[in-house]
Each structure stands twice: as structure tokens, then as C-alpha cells.
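Engineer: Have a look at the structure that comes next, please.
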Amino acid sequence: MQQVQRSDNSFNKTLQGVEQMVKNSLLTDASIQAEKAALTNQVATLKQELQQLKDSSKRERTLLTNKIQSLEQQQHMLVQQTSNVIDQLLTGRIRLVNGSHSREGRIEVFYKGQWGTVCDDRFDVKDARVVCRQLGYPTAYPTVYASARFGQGTDPIWLDDLDCVGSELDIKSCANRGWGKHDCFHTEDVGVSC
Ligand SMILES: [Ca+2]
Ligand SMILES: [Ca+2]
């Protein structure tokens, strides 16, 4: 009888152990579920944050691209303005090319970023006086050389039928056909000696 009692006790103990194990396992299962849910939430949050980052970096990229474009436009405008100012400053400047000294040569005039020649049509001593004055070699008796005496220049032929009064400070102030308008060839390039 005592033996049966003992065996019964041991069975109860075993049963309790099994119950505890099942309980523990259930608990473990529940905590795994909870952890899984928490992890799922974390992953969802991370995904959201990643998407937000992507969106904001896209916005910033667009902003930066716009900024760069506007800066490039400004730069382009500044380059254009600077080159216009330089052109204006240089327009009408003259030089003497191919003479045997600095006070003589083929007359070349600067316009629109390019040196060009002057035609000998109607070019007389009054026009030459203005050229010499503008170059800083004022003289009442300059010599005019027609027909490409100092060689033929290259295109463009900028001025033709120059008609200075003689007292002008520079040749762009003298009457003429207009920049680049002419009926000449480079065989008619004019030169002076001041
Ligand atoms: Ca002419
Ligand atoms: Ca003239």
C-alpha cells in the first residue's frame, strides 16, 4: 500500500513537471510571438524611415539640381555680360599691321570680337588724320596707302567709304557704310603712315 502511495506521489510529481514544461513552452511560444510582432513592427518602422529618407534625398537632389541650373544660368549671363563689356571697350580700336615701323601699316579695326580691315574707297588724308590721332601719333600730314600696300588682311572688311571730317577722336565716330557693309576686296585694304 505504501509502495502504491509512493508511486502515486512520483506520478503526481511527473505530471506537475510536464504541466510546468507545457506552461513554460507556451510562455516561450508567447514570448516568441511577441518578439516576432515587435520585430515586424521594427522592420515596418525601418521601411518607413528608409522611404522617408529616399523621399527627402530625392527632394534635396531636385533642389540641388535646380540650384546648379540656376547658378549655371547666372554664370552664362555673367560671361555674356563680361564679353559684351569687353567687346564694347574694344570696339573701334585700331592697329597698324605689317609696316616697317610702328607708325605705319595696314589699318585694322576691332569689332564684334574680331579684327578686320578698312577699304580704300573714299579714304583720304582727313580719314588718315583721325586714324593717326586715335593711335596717339597726331599729324597734319599723314600718308594714305591704297590697294593693300601693306598686304591683304583677312575677313572681315569692317569699314568702307569712310568719311571723316578730320577732327574726330576715333574712326568709329566717322560716317561710313556701317560695320561690315562694303563693296570691296582685300586688294583694296587701306594703310597709313603717321
Ligand atoms: Ca565702297
Ligand atoms: Ca573719306
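Identifiers in this document derive from the order of the C-alpha cells: chains are assigned A, B, ..., residues are numbered from 1 separately in each chain, and ligands are numbered from 1 in order of occurrence.
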Distance limit 8 Å, reference ligand 1, atoms considered: only C-alpha atoms and all ligand atoms. Which residues make the cut? Give them as a list in words.
Structural biologist: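 Sorted by chain and then by number, the residues are Cys119, Asp120, Asp121, Arg122, Asp160, Asp161, His182, Asp183 and Cys184 of chain A.
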Engineer: Select from chain A everything DSSP, run on the backbone, classes as strand (DSSP E), then give the selection as a PyMOL selection string.
Structural biologist: chain A and resi 94-98+104-111+114-118+143-145+157-159+191-193
Engineer: Give me a file of those residues, with N, CA and C atoms, as a PDB file, in the first residue's frame.
Structural biologist:
```
ATOM      1  N   ILE A  94      41.956 100.459 -83.115  1.00  0.00           N
ATOM      2  CA  ILE A  94      42.655 100.217 -84.377  1.00  0.00           C
ATOM      3  C   ILE A  94      44.113  99.837 -84.130  1.00  0.00           C
ATOM      4  N   ARG A  95      44.686  99.204 -85.130  1.00  0.00           N
ATOM      5  CA  ARG A  95      46.110  98.861 -85.085  1.00  0.00           C
ATOM      6  C   ARG A  95      46.670  98.955 -86.501  1.00  0.00           C
ATOM      7  N   LEU A  96      47.965  99.133 -86.582  1.00  0.00           N
ATOM      8  CA  LEU A  96      48.637  99.177 -87.884  1.00  0.00           C
ATOM      9  C   LEU A  96      49.446  97.898 -88.034  1.00  0.00           C
ATOM     10  N   VAL A  97      49.218  97.198 -89.150  1.00  0.00           N
ATOM     11  CA  VAL A  97      49.834  95.884 -89.329  1.00  0.00           C
ATOM     12  C   VAL A  97      50.791  95.899 -90.516  1.00  0.00           C
ATOM     13  N   ASN A  98      51.953  95.251 -90.343  1.00  0.00           N
ATOM     14  CA  ASN A  98      52.827  94.966 -91.475  1.00  0.00           C
ATOM     15  C   ASN A  98      53.604  96.165 -92.011  1.00  0.00           C
ATOM     16  N   GLU A 104      53.291 103.030 -89.108  1.00  0.00           N
ATOM     17  CA  GLU A 104      52.685 102.785 -90.420  1.00  0.00           C
ATOM     18  C   GLU A 104      52.244 101.335 -90.547  1.00  0.00           C
ATOM     19  N   GLY A 105      51.322 101.117 -91.509  1.00  0.00           N
ATOM     20  CA  GLY A 105      50.869  99.749 -91.744  1.00  0.00           C
ATOM     21  C   GLY A 105      49.430  99.712 -92.238  1.00  0.00           C
ATOM     22  N   ARG A 106      48.970  98.479 -92.473  1.00  0.00           N
ATOM     23  CA  ARG A 106      47.573  98.286 -92.877  1.00  0.00           C
ATOM     24  C   ARG A 106      46.681  98.590 -91.676  1.00  0.00           C
ATOM     25  N   ILE A 107      45.610  99.346 -91.921  1.00  0.00           N
ATOM     26  CA  ILE A 107      44.717  99.702 -90.812  1.00  0.00           C
ATOM     27  C   ILE A 107      43.776  98.528 -90.526  1.00  0.00           C
ATOM     28  N   GLU A 108      43.769  98.104 -89.282  1.00  0.00           N
ATOM     29  CA  GLU A 108      42.796  97.090 -88.867  1.00  0.00           C
ATOM     30  C   GLU A 108      41.994  97.622 -87.690  1.00  0.00           C
ATOM     31  N   VAL A 109      40.706  97.313 -87.720  1.00  0.00           N
ATOM     32  CA  VAL A 109      39.803  97.838 -86.704  1.00  0.00           C
ATOM     33  C   VAL A 109      39.088  96.666 -86.030  1.00  0.00           C
ATOM     34  N   PHE A 110      38.832  96.804 -84.715  1.00  0.00           N
ATOM     35  CA  PHE A 110      38.244  95.717 -83.931  1.00  0.00           C
ATOM     36  C   PHE A 110      36.743  95.930 -83.772  1.00  0.00           C
ATOM     37  N   TYR A 111      35.994  94.884 -84.087  1.00  0.00           N
ATOM     38  CA  TYR A 111      34.540  94.947 -83.917  1.00  0.00           C
ATOM     39  C   TYR A 111      34.005  93.535 -83.713  1.00  0.00           C
ATOM     40  N   GLN A 114      36.494  90.700 -83.339  1.00  0.00           N
ATOM     41  CA  GLN A 114      37.357  90.334 -84.466  1.00  0.00           C
ATOM     42  C   GLN A 114      38.032  91.546 -85.082  1.00  0.00           C
ATOM     43  N   TRP A 115      39.286  91.359 -85.465  1.00  0.00           N
ATOM     44  CA  TRP A 115      39.965  92.403 -86.217  1.00  0.00           C
ATOM     45  C   TRP A 115      39.575  92.276 -87.691  1.00  0.00           C
ATOM     46  N   GLY A 116      39.338  93.424 -88.355  1.00  0.00           N
ATOM     47  CA  GLY A 116      39.029  93.424 -89.780  1.00  0.00           C
ATOM     48  C   GLY A 116      39.689  94.628 -90.440  1.00  0.00           C
ATOM     49  N   THR A 117      39.585  94.696 -91.745  1.00  0.00           N
ATOM     50  CA  THR A 117      40.310  95.751 -92.475  1.00  0.00           C
ATOM     51  C   THR A 117      39.394  96.918 -92.848  1.00  0.00           C
ATOM     52  N   VAL A 118      39.999  97.952 -93.445  1.00  0.00           N
ATOM     53  CA  VAL A 118      39.276  99.149 -93.885  1.00  0.00           C
ATOM     54  C   VAL A 118      39.515  99.304 -95.383  1.00  0.00           C
ATOM     55  N   THR A 143      50.318 109.994 -94.602  1.00  0.00           N
ATOM     56  CA  THR A 143      50.285 109.476 -95.966  1.00  0.00           C
ATOM     57  C   THR A 143      49.281 108.325 -96.049  1.00  0.00           C
ATOM     58  N   VAL A 144      48.470 108.356 -97.078  1.00  0.00           N
ATOM     59  CA  VAL A 144      47.496 107.278 -97.290  1.00  0.00           C
ATOM     60  C   VAL A 144      48.061 106.295 -98.310  1.00  0.00           C
ATOM     61  N   TYR A 145      47.993 105.008 -98.016  1.00  0.00           N
ATOM     62  CA  TYR A 145      48.423 103.973 -98.955  1.00  0.00           C
ATOM     63  C   TYR A 145      47.228 103.111 -99.335  1.00  0.00           C
ATOM     64  N   ILE A 157      35.995  92.611 -93.774  1.00  0.00           N
ATOM     65  CA  ILE A 157      36.275  94.003 -94.126  1.00  0.00           C
ATOM     66  C   ILE A 157      35.233  94.811 -93.356  1.00  0.00           C
ATOM     67  N   TRP A 158      35.685  95.519 -92.328  1.00  0.00           N
ATOM     68  CA  TRP A 158      34.713  96.141 -91.406  1.00  0.00           C
ATOM     69  C   TRP A 158      34.188  97.498 -91.867  1.00  0.00           C
ATOM     70  N   LEU A 159      35.060  98.303 -92.484  1.00  0.00           N
ATOM     71  CA  LEU A 159      34.616  99.669 -92.795  1.00  0.00           C
ATOM     72  C   LEU A 159      34.884 100.010 -94.262  1.00  0.00           C
ATOM     73  N   GLY A 191      46.085 101.524 -95.959  1.00  0.00           N
ATOM     74  CA  GLY A 191      47.108 101.680 -94.923  1.00  0.00           C
ATOM     75  C   GLY A 191      47.472 103.142 -94.763  1.00  0.00           C
ATOM     76  N   VAL A 192      48.175 103.460 -93.682  1.00  0.00           N
ATOM     77  CA  VAL A 192      48.615 104.842 -93.468  1.00  0.00           C
ATOM     78  C   VAL A 192      50.046 104.848 -92.937  1.00  0.00           C
ATOM     79  N   SER A 193      50.629 106.027 -93.029  1.00  0.00           N
ATOM     80  CA  SER A 193      51.864 106.302 -92.310  1.00  0.00           C
ATOM     81  C   SER A 193      51.638 107.606 -91.570  1.00  0.00           C
TER      82      SER A 193
END
```
Engineer: Quick one: residues within 10 Å of ligand 2, with only C-alpha atoms and all ligand atoms, as a PyMOL selection string?
Structural biologist: chain A and resi 120-128+160-166+174-176
Engineer: Have a look at CA of Asp189 (chain A) and CA of Val131 (chain A) and let me know their distance in Å, one decimal.
Structural biologist: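 CA of Val131 (chain A) lies at a distance of 14.4 Å from CA of Asp189 (chain A).
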Engineer: Between CA of Lys112 (chain A) and CA of Val85 (chain A), what is the distance in Å, rounded to a tenth?
Structural biologist: 10.9 Å
